[in-house]
file protein00.cif (mmCIF, C-alpha atoms)
data_query
loop_
_atom_site.label_atom_id
_atom_site.label_comp_id
_atom_site.auth_asym_id
_atom_site.auth_seq_id
_atom_site.Cartn_x
_atom_site.Cartn_y
_atom_site.Cartn_z
CA MET A 1 119.86 200.94 79.22
CA GLN A 2 117.04 199.69 77.01
CA SER A 3 118.02 199.11 73.39
CA THR A 4 116.26 200.76 70.47
CA ILE A 5 114.43 198.18 68.35
CA CYS A 6 113.11 198.22 64.80
CA ALA A 7 110.92 196.01 62.61
CA LEU A 8 108.47 196.00 59.74
CA ALA A 9 105.07 196.59 61.38
CA SER A 10 102.90 196.04 58.32
CA GLY A 11 102.28 193.05 56.07
CA GLN A 12 104.37 192.19 53.04
CA GLY A 13 103.29 193.04 49.51
CA GLY A 14 101.37 196.31 49.97
CA ALA A 15 101.93 199.63 48.24
CA VAL A 16 102.91 201.23 51.57
CA ALA A 17 105.01 199.65 54.32
CA LEU A 18 105.28 200.77 57.93
CA VAL A 19 108.63 200.40 59.70
CA ARG A 20 108.56 201.02 63.45
CA LEU A 21 111.44 202.21 65.66
CA SER A 22 111.13 202.27 69.47
CA GLY A 23 113.56 203.12 72.24
CA PRO A 24 115.66 205.90 73.77
CA ASP A 25 117.66 206.57 70.59
CA ALA A 26 114.73 206.50 68.19
CA LEU A 27 114.85 210.22 67.35
CA VAL A 28 118.67 210.32 67.07
CA ILE A 29 118.66 207.36 64.69
CA THR A 30 115.87 208.96 62.65
CA HIS A 31 117.94 212.12 62.22
CA THR A 32 120.81 209.97 60.93
CA LEU A 33 118.61 208.64 58.11
CA THR A 34 116.88 211.93 57.31
CA SER A 35 118.61 215.17 58.21
CA LYS A 36 120.18 216.38 61.41
CA THR A 37 118.34 219.68 60.94
CA GLN A 38 114.97 218.06 60.30
CA LEU A 39 112.40 218.88 62.97
CA PHE A 40 109.83 216.29 63.99
CA GLU A 41 106.82 217.58 65.88
CA PRO A 42 105.29 214.88 68.11
CA ARG A 43 102.22 213.13 66.70
CA ARG A 44 102.44 214.91 63.32
CA GLN A 45 103.55 213.38 60.03
CA THR A 46 106.58 214.89 58.33
CA PHE A 47 107.32 214.34 54.65
CA CYS A 48 111.06 213.91 54.20
CA SER A 49 113.77 211.97 52.38
CA ILE A 50 115.39 208.81 53.68
CA TYR A 51 119.09 208.82 52.82
CA ASP A 52 121.36 205.89 52.04
CA GLY A 53 124.69 207.70 52.32
CA LYS A 54 124.43 210.67 49.96
CA ASN A 55 121.72 209.07 47.86
CA ILE A 56 117.98 209.29 48.49
CA LEU A 57 116.55 205.85 49.23
CA ASP A 58 112.89 206.90 49.47
CA LYS A 59 110.48 209.75 50.11
CA ALA A 60 108.54 208.88 53.25
CA LEU A 61 106.04 210.11 55.81
CA VAL A 62 107.70 210.02 59.24
CA THR A 63 105.74 210.25 62.50
CA TYR A 64 107.36 210.84 65.89
CA PHE A 65 105.62 209.80 69.13
CA LYS A 66 107.32 211.22 72.21
CA ALA A 67 107.43 209.08 75.35
CA PRO A 68 105.27 208.25 77.21
CA HIS A 69 102.58 209.08 74.63
CA SER A 70 103.23 206.17 72.28
CA PHE A 71 102.24 202.54 71.78
CA THR A 72 105.26 201.24 73.73
CA GLY A 73 105.52 204.12 76.19
CA GLU A 74 108.98 204.91 74.73
CA ASP A 75 110.05 207.30 72.00
CA VAL A 76 108.64 205.80 68.80
CA VAL A 77 109.17 206.74 65.17
CA GLU A 78 107.17 205.21 62.34
CA PHE A 79 108.31 205.36 58.71
CA ALA A 80 105.57 205.06 56.06
CA LEU A 81 107.64 203.90 53.09
CA HIS A 82 106.88 202.71 49.59
CA GLY A 83 106.33 198.94 49.73
CA SER A 84 109.37 197.90 47.70
CA PRO A 85 111.08 194.90 49.33
CA TYR A 86 114.43 196.55 48.62
CA ILE A 87 113.41 199.85 50.28
CA ILE A 88 112.06 198.02 53.35
CA GLY A 89 115.10 195.78 53.71
CA ARG A 90 117.61 198.57 53.15
CA THR A 91 115.81 200.90 55.61
CA LEU A 92 115.99 198.23 58.32
CA GLU A 93 119.71 197.71 57.52
CA LEU A 94 120.37 201.47 57.84
CA LEU A 95 118.46 201.65 61.13
CA CYS A 96 120.57 198.81 62.54
CA GLN A 97 123.79 200.37 61.25
CA SER A 98 122.78 203.55 63.09
CA GLY A 99 122.35 201.80 66.45
CA ALA A 100 119.02 199.97 66.43
CA VAL A 101 118.61 196.20 66.81
CA PRO A 102 116.00 193.96 65.15
CA ALA A 103 112.92 193.50 67.33
CA LYS A 104 111.96 190.06 68.54
CA ARG A 105 108.46 188.70 67.99
CA GLY A 106 106.01 190.67 70.12
CA GLU A 107 108.72 192.89 71.59
CA PHE A 108 106.87 196.16 70.90
CA SER A 109 103.79 194.82 72.71
CA GLN A 110 105.93 193.45 75.53
CA ARG A 111 107.47 196.87 76.07
CA ALA A 112 103.98 198.40 76.05
CA PHE A 113 102.99 195.93 78.77
CA LEU A 114 106.14 196.49 80.84
CA ASN A 115 105.68 200.26 80.57
CA GLY A 116 102.09 200.07 81.81
CA LYS A 117 100.42 200.95 78.50
CA MET A 118 98.30 197.78 78.69
CA ASP A 119 97.85 194.82 80.99
CA LEU A 120 98.49 191.24 79.92
CA VAL A 121 94.83 190.55 79.11
CA GLU A 122 94.76 193.58 76.79
CA ALA A 123 98.08 192.57 75.22
CA GLN A 124 96.79 189.10 74.41
CA GLY A 125 93.62 190.71 73.10
CA LEU A 126 95.81 192.62 70.63
CA CYS A 127 97.39 189.36 69.47
CA ASP A 128 93.93 187.83 69.02
CA LEU A 129 92.75 190.93 67.15
CA ILE A 130 95.49 190.56 64.55
CA ALA A 131 94.59 186.88 64.09
CA ALA A 132 90.80 187.45 64.05
CA GLY A 133 89.34 185.93 60.90
CA ASN A 134 85.65 186.67 61.41
CA GLN A 135 83.32 189.18 63.02
CA SER A 136 82.74 187.24 66.24
CA ALA A 137 86.46 186.61 66.84
CA HIS A 138 87.08 190.31 66.21
CA ARG A 139 84.45 191.25 68.80
CA LEU A 140 86.03 188.94 71.39
CA ALA A 141 89.47 190.40 70.77
CA MET A 142 88.20 193.99 70.98
CA ASN A 143 86.52 193.27 74.33
CA ALA A 144 89.93 192.23 75.65
CA LEU A 145 91.89 195.02 73.93
CA ASP A 146 89.43 197.74 74.98
CA GLY A 147 89.78 196.70 78.61
CA LYS A 148 86.24 195.34 79.08
CA LEU A 149 87.50 191.94 80.16
CA SER A 150 90.25 193.52 82.27
CA GLY A 151 87.65 195.73 83.90
CA LYS A 152 85.58 192.72 84.93
CA LEU A 153 88.66 190.87 86.21
CA SER A 154 89.77 193.96 88.16
CA GLU A 155 86.33 194.19 89.72
CA ILE A 156 86.58 190.55 90.87
CA LYS A 157 90.14 191.06 92.12
CA THR A 158 89.20 194.20 94.07
CA LYS A 159 86.30 192.46 95.80
CA LEU A 160 88.53 189.56 96.82
CA THR A 161 91.31 191.90 97.95
CA GLU A 162 88.94 193.86 100.17
CA LEU A 163 87.60 190.68 101.77
CA LEU A 164 91.09 189.33 102.37
CA ALA A 165 92.14 192.65 103.91
CA GLN A 166 89.25 192.49 106.38
CA ILE A 167 90.17 188.93 107.34
CA GLU A 168 93.91 189.59 107.69
CA VAL A 169 93.52 192.72 109.82
CA ARG A 170 91.51 190.65 112.29
CA LEU A 171 94.11 187.89 112.26
CA ASP A 172 96.64 190.53 113.35
CA ASP A 173 94.28 191.88 116.02
CA VAL A 174 95.75 189.89 118.94
CA ASP A 175 93.86 192.03 121.49
CA GLU A 176 90.55 191.26 119.71
CA GLU A 177 89.53 194.93 119.64
CA MET A 178 87.75 194.55 116.27
CA THR A 179 84.34 193.01 115.73
CA PRO A 180 84.77 189.50 114.25
CA LEU A 181 83.43 188.79 110.77
CA SER A 182 80.56 186.35 110.76
CA THR A 183 80.95 183.07 108.91
CA ASP A 184 77.79 183.89 106.95
CA PHE A 185 79.28 187.19 105.75
CA ILE A 186 82.57 185.58 104.66
CA THR A 187 80.72 182.76 102.93
CA GLN A 188 78.50 185.25 101.10
CA GLU A 189 81.46 187.32 99.91
CA ILE A 190 83.49 184.31 98.73
CA THR A 191 80.44 182.88 96.97
CA ALA A 192 79.89 186.18 95.14
CA VAL A 193 83.47 186.17 93.84
CA LEU A 194 83.25 182.47 92.99
CA THR A 195 80.03 183.01 91.03
CA ALA A 196 81.61 185.83 89.01
CA ILE A 197 84.59 183.64 88.13
CA ARG A 198 82.39 180.65 87.23
CA THR A 199 80.33 182.90 84.97
CA LEU A 200 83.50 183.62 83.00
CA THR A 201 84.92 180.09 82.96
CA ASP A 202 81.58 178.73 81.75
CA THR A 203 81.96 180.82 78.57
CA PHE A 204 85.25 179.20 77.52
CA SER A 205 83.70 176.35 75.55
CA VAL A 206 81.92 178.80 73.25
CA GLY A 207 84.68 181.44 73.33
CA ARG A 208 87.25 178.89 72.18
CA LEU A 209 85.06 177.86 69.24
CA ILE A 210 84.59 181.48 68.17
CA LYS A 211 88.30 182.19 68.35
CA ASP A 212 89.79 178.96 66.96
CA GLY A 213 86.89 177.78 64.81
CA LEU A 214 84.43 174.91 65.10
CA LYS A 215 86.10 171.62 64.09
CA VAL A 216 83.59 169.53 62.13
CA ALA A 217 84.32 165.97 60.98
CA ILE A 218 82.21 164.59 58.13
CA VAL A 219 82.07 160.80 58.54
CA GLY A 220 80.19 157.93 57.01
CA ALA A 221 80.44 154.83 54.87
CA PRO A 222 81.96 154.98 51.37
CA ASN A 223 79.78 156.68 48.73
CA SER A 224 77.35 158.17 51.26
CA GLY A 225 78.00 161.66 49.89
CA LYS A 226 80.52 163.03 52.39
CA SER A 227 82.68 164.76 49.77
CA SER A 228 79.60 166.12 48.04
CA LEU A 229 78.51 167.62 51.37
CA LEU A 230 81.92 169.24 51.85
CA ASN A 231 81.77 170.73 48.37
CA ALA A 232 78.22 171.98 48.93
CA LEU A 233 79.14 173.67 52.21
CA VAL A 234 82.31 175.38 50.92
CA GLY A 235 80.68 176.35 47.63
CA PHE A 236 83.17 174.81 45.19
CA ASP A 237 84.58 171.40 44.21
CA ARG A 238 87.15 171.02 46.98
CA ALA A 239 87.00 167.21 47.13
CA ILE A 240 86.88 164.69 44.27
CA VAL A 241 83.47 163.08 43.82
CA THR A 242 82.87 159.92 41.76
CA ASP A 243 80.48 156.97 41.79
CA VAL A 244 83.37 154.68 42.76
CA CYS A 245 83.40 153.65 46.43
CA GLY A 246 86.44 154.79 48.40
CA THR A 247 87.38 157.80 46.23
CA THR A 248 88.54 159.75 49.30
CA ARG A 249 91.62 158.02 50.75
CA ASP A 250 92.91 160.86 52.93
CA THR A 251 91.28 163.55 55.06
CA VAL A 252 90.42 166.73 53.12
CA GLU A 253 90.35 169.92 55.19
CA GLU A 254 88.85 173.30 54.42
CA THR A 255 88.26 176.41 56.53
CA LEU A 256 85.29 178.61 55.74
CA GLU A 257 82.95 181.12 57.31
CA ILE A 258 79.32 180.23 57.95
CA ASN A 259 76.96 182.83 59.44
CA GLY A 260 79.96 184.89 60.53
CA GLN A 261 81.65 181.97 62.32
CA LYS A 262 84.87 180.13 61.50
CA ILE A 263 84.26 176.49 60.59
CA ARG A 264 87.04 173.94 60.02
CA LEU A 265 85.59 171.10 57.95
CA THR A 266 87.28 167.72 57.57
CA ASP A 267 86.03 165.29 54.96
CA THR A 268 87.13 161.79 55.90
CA ALA A 269 87.71 158.53 54.09
CA GLY A 270 84.71 156.21 54.07
CA ILE A 271 84.90 153.59 56.81
CA ARG A 272 84.14 149.97 55.91
CA ALA A 273 84.96 146.58 57.36
CA HIS A 274 87.57 145.46 54.84
CA ALA A 275 89.96 147.99 53.33
CA LEU A 276 91.20 147.25 49.82
CA ASP A 277 94.80 148.28 50.43
CA VAL A 278 97.24 149.91 52.87
CA ALA A 279 96.36 153.43 51.68
CA GLU A 280 92.68 152.91 52.48
CA GLN A 281 93.57 151.48 55.90
CA GLU A 282 95.60 154.60 56.68
CA GLY A 283 92.74 156.78 55.42
CA MET A 284 90.30 155.10 57.80
CA ARG A 285 92.74 155.49 60.69
CA ARG A 286 92.92 159.22 59.97
CA SER A 287 89.14 159.35 59.76
CA LYS A 288 88.86 158.01 63.30
CA ARG A 289 91.46 160.48 64.52
CA ALA A 290 89.52 163.36 62.91
CA MET A 291 86.42 162.13 64.72
CA GLU A 292 88.27 162.15 68.05
CA ASN A 293 89.55 165.71 67.50
CA ALA A 294 86.25 167.16 66.26
CA ASP A 295 83.87 169.42 68.16
CA VAL A 296 80.97 168.26 66.00
CA ILE A 297 80.47 165.05 64.00
CA LEU A 298 78.31 165.04 60.88
CA PHE A 299 77.26 161.43 60.34
CA VAL A 300 76.27 161.19 56.68
CA LEU A 301 73.84 158.50 55.50
CA ASP A 302 72.60 157.81 51.99
CA SER A 303 68.84 158.13 52.48
CA SER A 304 68.15 156.28 49.20
CA ARG A 305 69.41 152.93 50.56
CA PRO A 306 69.03 150.95 53.80
CA VAL A 307 71.60 151.34 56.58
CA CYS A 308 74.38 148.78 56.13
CA ALA A 309 76.27 146.78 58.78
CA GLU A 310 79.34 149.01 58.44
CA GLU A 311 77.26 152.12 59.17
CA LYS A 312 75.75 150.45 62.24
CA GLN A 313 79.24 149.71 63.57
CA LEU A 314 80.39 153.26 62.79
CA TRP A 315 77.34 154.59 64.63
CA GLN A 316 78.36 152.59 67.70
CA ASP A 317 81.84 154.14 67.50
CA ILE A 318 80.42 157.65 67.12
CA GLN A 319 78.27 157.31 70.23
CA THR A 320 81.31 156.36 72.32
CA GLN A 321 82.93 159.70 71.36
CA HIS A 322 80.29 161.62 73.37
CA LYS A 323 80.54 164.49 70.91
CA ARG A 324 77.85 166.78 69.56
CA THR A 325 76.57 164.73 66.61
CA LEU A 326 74.22 165.67 63.78
CA ILE A 327 72.79 163.03 61.45
CA VAL A 328 72.71 164.13 57.81
CA LEU A 329 70.36 162.15 55.55
CA ASN A 330 71.87 162.86 52.16
CA LYS A 331 70.61 162.34 48.58
CA THR A 332 67.00 163.28 49.34
CA ASP A 333 66.59 164.11 45.67
CA LYS A 334 66.30 160.31 45.23
CA PRO A 335 63.48 158.06 46.52
CA SER A 336 63.81 157.36 50.26
CA SER A 337 64.60 153.90 51.59
CA GLY A 338 62.34 154.47 54.62
CA LYS A 339 63.19 154.13 58.32
CA ILE A 340 66.71 154.68 59.67
CA ASP A 341 67.63 151.38 61.30
CA LEU A 342 69.96 152.69 64.05
CA GLU A 343 69.58 152.46 67.82
CA ASN A 344 69.06 155.67 69.83
CA VAL A 345 68.80 157.59 66.56
CA THR A 346 65.78 159.63 67.73
CA GLN A 347 67.93 161.24 70.43
CA TYR A 348 69.99 163.06 67.80
CA THR A 349 69.09 165.98 65.53
CA GLN A 350 68.52 164.86 61.92
CA PHE A 351 68.69 166.80 58.68
CA THR A 352 67.46 165.83 55.24
CA VAL A 353 69.66 167.40 52.57
CA SER A 354 70.42 167.17 48.91
CA CYS A 355 73.89 168.27 47.91
CA LYS A 356 72.65 168.22 44.32
CA THR A 357 69.77 170.69 44.80
CA GLY A 358 70.96 172.46 47.97
CA ALA A 359 67.83 171.52 49.91
CA GLY A 360 68.28 171.48 53.68
CA LEU A 361 71.81 172.96 53.67
CA ASN A 362 70.84 176.32 55.19
CA GLU A 363 69.12 174.60 58.12
CA LEU A 364 72.23 172.49 58.68
CA LYS A 365 74.47 175.59 58.59
CA ASN A 366 72.26 177.46 61.06
CA THR A 367 72.28 174.54 63.51
CA LEU A 368 76.05 174.15 63.26
CA THR A 369 76.71 177.77 64.20
CA ALA A 370 73.82 178.22 66.66
CA PRO A 371 75.88 177.84 69.89
CA MET A 372 78.21 180.68 68.82
CA ASN A 373 75.59 182.94 67.23
CA GLU A 374 73.22 182.73 70.20
CA VAL A 375 75.76 184.52 72.40
CA GLU A 376 74.76 188.13 73.06
CA LYS A 377 76.98 190.67 71.31
CA ASP A 378 78.01 192.46 74.51
CA SER A 379 78.77 189.26 76.44
CA LEU A 380 82.24 188.82 77.90
CA LEU A 381 83.70 185.49 76.85
CA ILE A 382 86.93 183.73 77.76
CA SER A 383 88.67 182.42 74.64
CA ASN A 384 92.30 182.31 75.77
CA LEU A 385 93.44 179.00 77.30
CA ARG A 386 95.86 180.68 79.73
CA HIS A 387 93.09 182.94 81.04
CA TYR A 388 90.80 179.94 81.44
CA GLU A 389 93.39 177.90 83.34
CA GLU A 390 94.25 180.74 85.72
CA LEU A 391 90.57 181.36 86.44
CA LEU A 392 90.05 177.64 87.09
CA ARG A 393 92.95 177.67 89.57
CA ALA A 394 91.45 180.70 91.32
CA GLN A 395 88.09 178.94 91.35
CA THR A 396 89.61 175.84 92.96
CA GLU A 397 91.24 177.94 95.69
CA LEU A 398 87.93 179.67 96.48
CA GLU A 399 86.10 176.34 96.63
CA SER A 400 88.76 175.10 99.06
CA ALA A 401 88.29 178.23 101.19
CA LEU A 402 84.56 177.58 101.41
CA MET A 403 85.23 173.97 102.37
CA GLN A 404 87.53 175.09 105.20
CA LEU A 405 84.85 177.50 106.39
CA THR A 406 82.31 174.69 106.67
CA LYS A 407 84.86 172.74 108.74
CA ASN A 408 85.24 175.75 111.09
CA ALA A 409 88.95 175.90 110.29
CA GLY A 410 90.96 178.83 111.57
CA GLY A 411 91.02 182.10 109.66
CA GLU A 412 94.64 181.61 108.64
CA ILE A 413 93.70 178.37 106.86
CA TYR A 414 90.98 179.71 104.56
CA ALA A 415 92.79 183.05 104.19
CA GLU A 416 95.70 181.17 102.58
CA HIS A 417 93.32 179.83 99.92
CA LEU A 418 92.04 183.36 99.30
CA ARG A 419 95.63 184.55 98.85
CA GLY A 420 96.16 181.75 96.35
CA ALA A 421 93.08 182.78 94.37
CA LEU A 422 94.24 186.39 94.37
CA THR A 423 97.68 185.37 93.12
CA HIS A 424 96.14 183.54 90.15
CA LEU A 425 94.06 186.60 89.26
CA LYS A 426 97.16 188.81 89.42
CA ASP A 427 99.07 186.29 87.33
CA LEU A 428 96.30 186.35 84.73
CA MET A 429 96.56 190.14 84.42
CA GLY A 430 100.35 190.10 84.39
CA GLU A 431 100.97 191.66 87.81
CA VAL A 432 103.12 188.79 89.10
CA THR A 433 103.95 186.86 85.92
CA PRO A 434 107.60 185.65 85.75
CA ASP A 435 109.77 186.97 82.90
CA ASP A 436 110.17 183.53 81.30
CA ILE A 437 106.38 183.14 81.07
CA LEU A 438 106.12 186.61 79.52
CA GLY A 439 108.71 185.57 76.95
CA VAL A 440 106.61 182.58 75.94
CA ILE A 441 103.41 184.66 75.71
CA PHE A 442 104.85 187.47 73.58
CA SER A 443 106.81 185.11 71.34
CA LYS A 444 103.44 184.07 69.90
CA PHE A 445 102.85 187.60 68.58
CA CYS A 446 103.63 188.48 64.98
CA MET A 447 106.83 190.35 64.07
CA GLY A 448 106.50 194.14 64.32
CA LYS A 449 104.02 193.89 67.21
#
call {"tool": "encode", "arguments": {"input": "protein00.cif", "output": "structure tokens"}}
result
Amino acid sequence: MQSTICALASGQGGAVALVRLSGPDALVITHTLTSKTQLFEPRRQTFCSIYDGKNILDKALVTYFKAPHSFTGEDVVEFALHGSPYIIGRTLELLCQSGAVPAKRGEFSQRAFLNGKMDLVEAQGLCDLIAAGNQSAHRLAMNALDGKLSGKLSEIKTKLTELLAQIEVRLDDVDEEMTPLSTDFITQEITAVLTAIRTLTDTFSVGRLIKDGLKVAIVGAPNSGKSSLLNALVGFDRAIVTDVCGTTRDTVEETLEINGQKIRLTDTAGIRAHALDVAEQEGMRRSKRAMENADVILFVLDSSRPVCAEEKQLWQDIQTQHKRTLIVLNKTDKPSSGKIDLENVTQYTQFTVSCKTGAGLNELKNTLTAPMNEVEKDSLLISNLRHYEELLRAQTELESALMQLTKNAGGEIYAEHLRGALTHLKDLMGEVTPDDILGVIFSKFCMGK
């Protein structure tokens, strides 16, 4: 028999706290804490006392959701308590003393999935919704939670299932009473499914940035104005700025929102040929690591002086990263030194900015966020790595099926690849996912969900 679980379902520190109880004994346990004669009408709040022995612990609003019409599909009771840490803790203790057990991370959502209240794509959309830190990430999560992404995946799965059924019924037709499917028809159908999957997988690069944030590394030689640029972008003095070369010894990180998108900025130590000490050497090593991990590199140059040998070497290193790179000509409030003496520099987008006056910063911000903001609002994007990997596996199987078709292989050969693709789609939606994998997925959810 399934246990009855309980947990705090709201954040800490608010005036009101929500404690959730789910399972077969939810109503019995609730009566133990309130009154055995208290009536709870489904889906209506009841104002009543929560008792700790003979003493009243709190006055609360209690809502009963009768199975299967609840978040988990089980009997659920939610207690809207005053947000006192003592009241919350003691209520959870009393619930456990009355027969409940503490919920594991994501266990409410896992029960909702197992009871058919949502599929795995929708469940992970809920997790992403809770973590959404900006408007675009929220929109992505809602598309998954509302079933829009699941609907598209179901459409793809249904088309593949129907094709496979037509192929398999003919494989079983030993008397050859059915009209054979033409190779052109099978190729056309597989290609249609493959195109739909590729359309989704191609969105992952942008979807990931919207969900996790764009990682931007600010790099350059000492005293080129990297820290000033960080401060100008975040809007306050996050990094120390002085006229002394090598002020920044470590990476300085800050997360902010620009044009509705999450940006993760990293200001790095200035890179030069000869470090003064061990600390500066370590700072430069971390700078190079930040460059390797970045989605975008901002190469900052002091426009008031000629390019030095160290900057030329750094530019060579940047080009080997093969990352999206923007050249930022800083300190334009000072007289310009003239031409930028760097090879291939005209192939990269350049910005002239002044961190002192703010000139050019808006253009830089708009260019940084353009790939995410140019996505249409109603577009379906893949932002979850597990979804992306399963779709890639399905894509590989379909490509193999097409290859077997061109080789005139037997139907059983390419049908096996179609079965493999279908299995990956079912795995993505949670239809055939092993329990241990489900445990890993739901353990990433917050407590109370």
call {"tool": "atom_distance", "arguments": {"input": "protein00.cif", "atom1": "CA of Ala100 (chain A)", "atom2": "CA of Ile5 (chain A)"}}
result
5.3 Å
call {"tool": "atom_distance", "arguments": {"input": "protein00.cif", "atom1": "CA of Glu311 (chain A)", "atom2": "CA of Ser354 (chain A)"}}
result
19.5 Å
call {"tool": "resolve_selection", "arguments": {"input": "protein00.cif", "expression": "the PyMOL selection byres ((chain A and resi 21) around 8)", "output": "VMD selection string"}}
result
chain A and resid 4 to 7 19 to 20 22 to 23 26 76 to 78 100
call {"tool": "write_last_selection", "arguments": {"input": "protein00.cif", "atoms": "C-alpha atoms", "output": "compact mmCIF listing (two decimals), in the coordinates of the input"}}
result
# COMPACT_ATOMS: atom_id res chain seq x y z
CA THR A 4 116.26 200.76 70.47
CA ILE A 5 114.43 198.18 68.35
CA CYS A 6 113.11 198.22 64.80
CA ALA A 7 110.92 196.01 62.61
CA VAL A 19 108.63 200.40 59.70
CA ARG A 20 108.56 201.02 63.45
CA SER A 22 111.13 202.27 69.47
CA GLY A 23 113.56 203.12 72.24
CA ALA A 26 114.73 206.50 68.19
CA VAL A 76 108.64 205.80 68.80
CA VAL A 77 109.17 206.74 65.17
CA GLU A 78 107.17 205.21 62.34
CA ALA A 100 119.02 199.97 66.43
call {"tool": "closest_residue", "arguments": {"input": "protein00.cif", "among": "A:Arg419, A:Lys66, A:Lys334, A:Lys288", "to": "Leu314 (chain A)", "atoms": "all atoms listed in the file"}}
result
A:Lys288
call {"tool": "resolve_selection", "arguments": {"input": "protein00.cif", "expression": "the PyMOL selection byres ((chain A and resi 393-406) around 12)", "output": "PyMOL selection string"}}
result
chain A and resi 153+156-157+160+164+182-202+386-392+407-428
call {"tool": "write_last_selection", "arguments": {"input": "protein00.cif", "atoms": "C-alpha atoms", "output": "tab-separated table (two decimals), keeping the file's coordinate frame"}}
result
chain	number	residue	atom	x	y	z
A	153	LEU	CA	88.66	190.87	86.21
A	156	ILE	CA	86.58	190.55	90.87
A	157	LYS	CA	90.14	191.06	92.12
A	160	LEU	CA	88.53	189.56	96.82
A	164	LEU	CA	91.09	189.33	102.37
A	182	SER	CA	80.56	186.35	110.76
A	183	THR	CA	80.95	183.07	108.91
A	184	ASP	CA	77.79	183.89	106.95
A	185	PHE	CA	79.28	187.19	105.75
A	186	ILE	CA	82.57	185.58	104.66
A	187	THR	CA	80.72	182.76	102.93
A	188	GLN	CA	78.50	185.25	101.10
A	189	GLU	CA	81.46	187.32	99.91
A	190	ILE	CA	83.49	184.31	98.73
A	191	THR	CA	80.44	182.88	96.97
A	192	ALA	CA	79.89	186.18	95.14
A	193	VAL	CA	83.47	186.17	93.84
A	194	LEU	CA	83.25	182.47	92.99
A	195	THR	CA	80.03	183.01	91.03
A	196	ALA	CA	81.61	185.83	89.01
A	197	ILE	CA	84.59	183.64	88.13
A	198	ARG	CA	82.39	180.65	87.23
A	199	THR	CA	80.33	182.90	84.97
A	200	LEU	CA	83.50	183.62	83.00
A	201	THR	CA	84.92	180.09	82.96
A	202	ASP	CA	81.58	178.73	81.75
A	386	ARG	CA	95.86	180.68	79.73
A	387	HIS	CA	93.09	182.94	81.04
A	388	TYR	CA	90.80	179.94	81.44
A	389	GLU	CA	93.39	177.90	83.34
A	390	GLU	CA	94.25	180.74	85.72
A	391	LEU	CA	90.57	181.36	86.44
A	392	LEU	CA	90.05	177.64	87.09
A	407	LYS	CA	84.86	172.74	108.74
A	408	ASN	CA	85.24	175.75	111.09
A	409	ALA	CA	88.95	175.90	110.29
A	410	GLY	CA	90.96	178.83	111.57
A	411	GLY	CA	91.02	182.10	109.66
A	412	GLU	CA	94.64	181.61	108.64
A	413	ILE	CA	93.70	178.37	106.86
A	414	TYR	CA	90.98	179.71	104.56
A	415	ALA	CA	92.79	183.05	104.19
A	416	GLU	CA	95.70	181.17	102.58
A	417	HIS	CA	93.32	179.83	99.92
A	418	LEU	CA	92.04	183.36	99.30
A	419	ARG	CA	95.63	184.55	98.85
A	420	GLY	CA	96.16	181.75	96.35
A	421	ALA	CA	93.08	182.78	94.37
A	422	LEU	CA	94.24	186.39	94.37
A	423	THR	CA	97.68	185.37	93.12
A	424	HIS	CA	96.14	183.54	90.15
A	425	LEU	CA	94.06	186.60	89.26
A	426	LYS	CA	97.16	188.81	89.42
A	427	ASP	CA	99.07	186.29	87.33
A	428	LEU	CA	96.30	186.35	84.73
call {"tool": "closest_residue", "arguments": {"input": "protein00.cif", "among": "A:Ser303, A:Gln321, A:Gln347, A:Gln261", "to": "Asp333 (chain A)", "atoms": "only C-alpha atoms"}}
result
A:Ser303
call {"tool": "residues_around", "arguments": {"input": "protein00.cif", "residues": "Ala359 (chain A)", "least_positions_apart": "2", "cutoff": "12 Å", "atoms": "all atoms listed in the file", "output": "MDAnalysis selection string"}}
result
chainID A and resid 229 232:233 328:333 351:357 361:365
call {"tool": "residues_around", "arguments": {"input": "protein00.cif", "residues": "region 44-48 of chain A", "least_positions_apart": "5", "cutoff": "12 Å", "atoms": "only C-alpha atoms", "output": "tab-separated table (two decimals) with C-alpha atoms, keeping the file's coordinate frame"}}
result
chain	number	residue	atom	x	y	z
A	30	THR	CA	115.87	208.96	62.65
A	31	HIS	CA	117.94	212.12	62.22
A	33	LEU	CA	118.61	208.64	58.11
A	34	THR	CA	116.88	211.93	57.31
A	35	SER	CA	118.61	215.17	58.21
A	36	LYS	CA	120.18	216.38	61.41
A	37	THR	CA	118.34	219.68	60.94
A	38	GLN	CA	114.97	218.06	60.30
A	39	LEU	CA	112.40	218.88	62.97
A	56	ILE	CA	117.98	209.29	48.49
A	57	LEU	CA	116.55	205.85	49.23
A	58	ASP	CA	112.89	206.90	49.47
A	59	LYS	CA	110.48	209.75	50.11
A	60	ALA	CA	108.54	208.88	53.25
A	61	LEU	CA	106.04	210.11	55.81
A	62	VAL	CA	107.70	210.02	59.24
A	63	THR	CA	105.74	210.25	62.50
A	64	TYR	CA	107.36	210.84	65.89
A	65	PHE	CA	105.62	209.80	69.13
A	66	LYS	CA	107.32	211.22	72.21
A	77	VAL	CA	109.17	206.74	65.17
A	78	GLU	CA	107.17	205.21	62.34
A	79	PHE	CA	108.31	205.36	58.71
A	80	ALA	CA	105.57	205.06	56.06
A	81	LEU	CA	107.64	203.90	53.09
call {"tool": "resolve_selection", "arguments": {"input": "protein00.cif", "expression": "the PyMOL selection byres ((chain A and resi 255) around 7)", "output": "JSON, numbers by chain"}}
result
{"A": [253, 254, 256, 263, 264, 265]}
call {"tool": "closest_residue", "arguments": {"input": "protein00.cif", "among": "A:Gln124, A:Arg285, A:Pro335, A:Thr158", "to": "Asn143 (chain A)", "atoms": "only C-alpha atoms"}}
result
A:Gln124
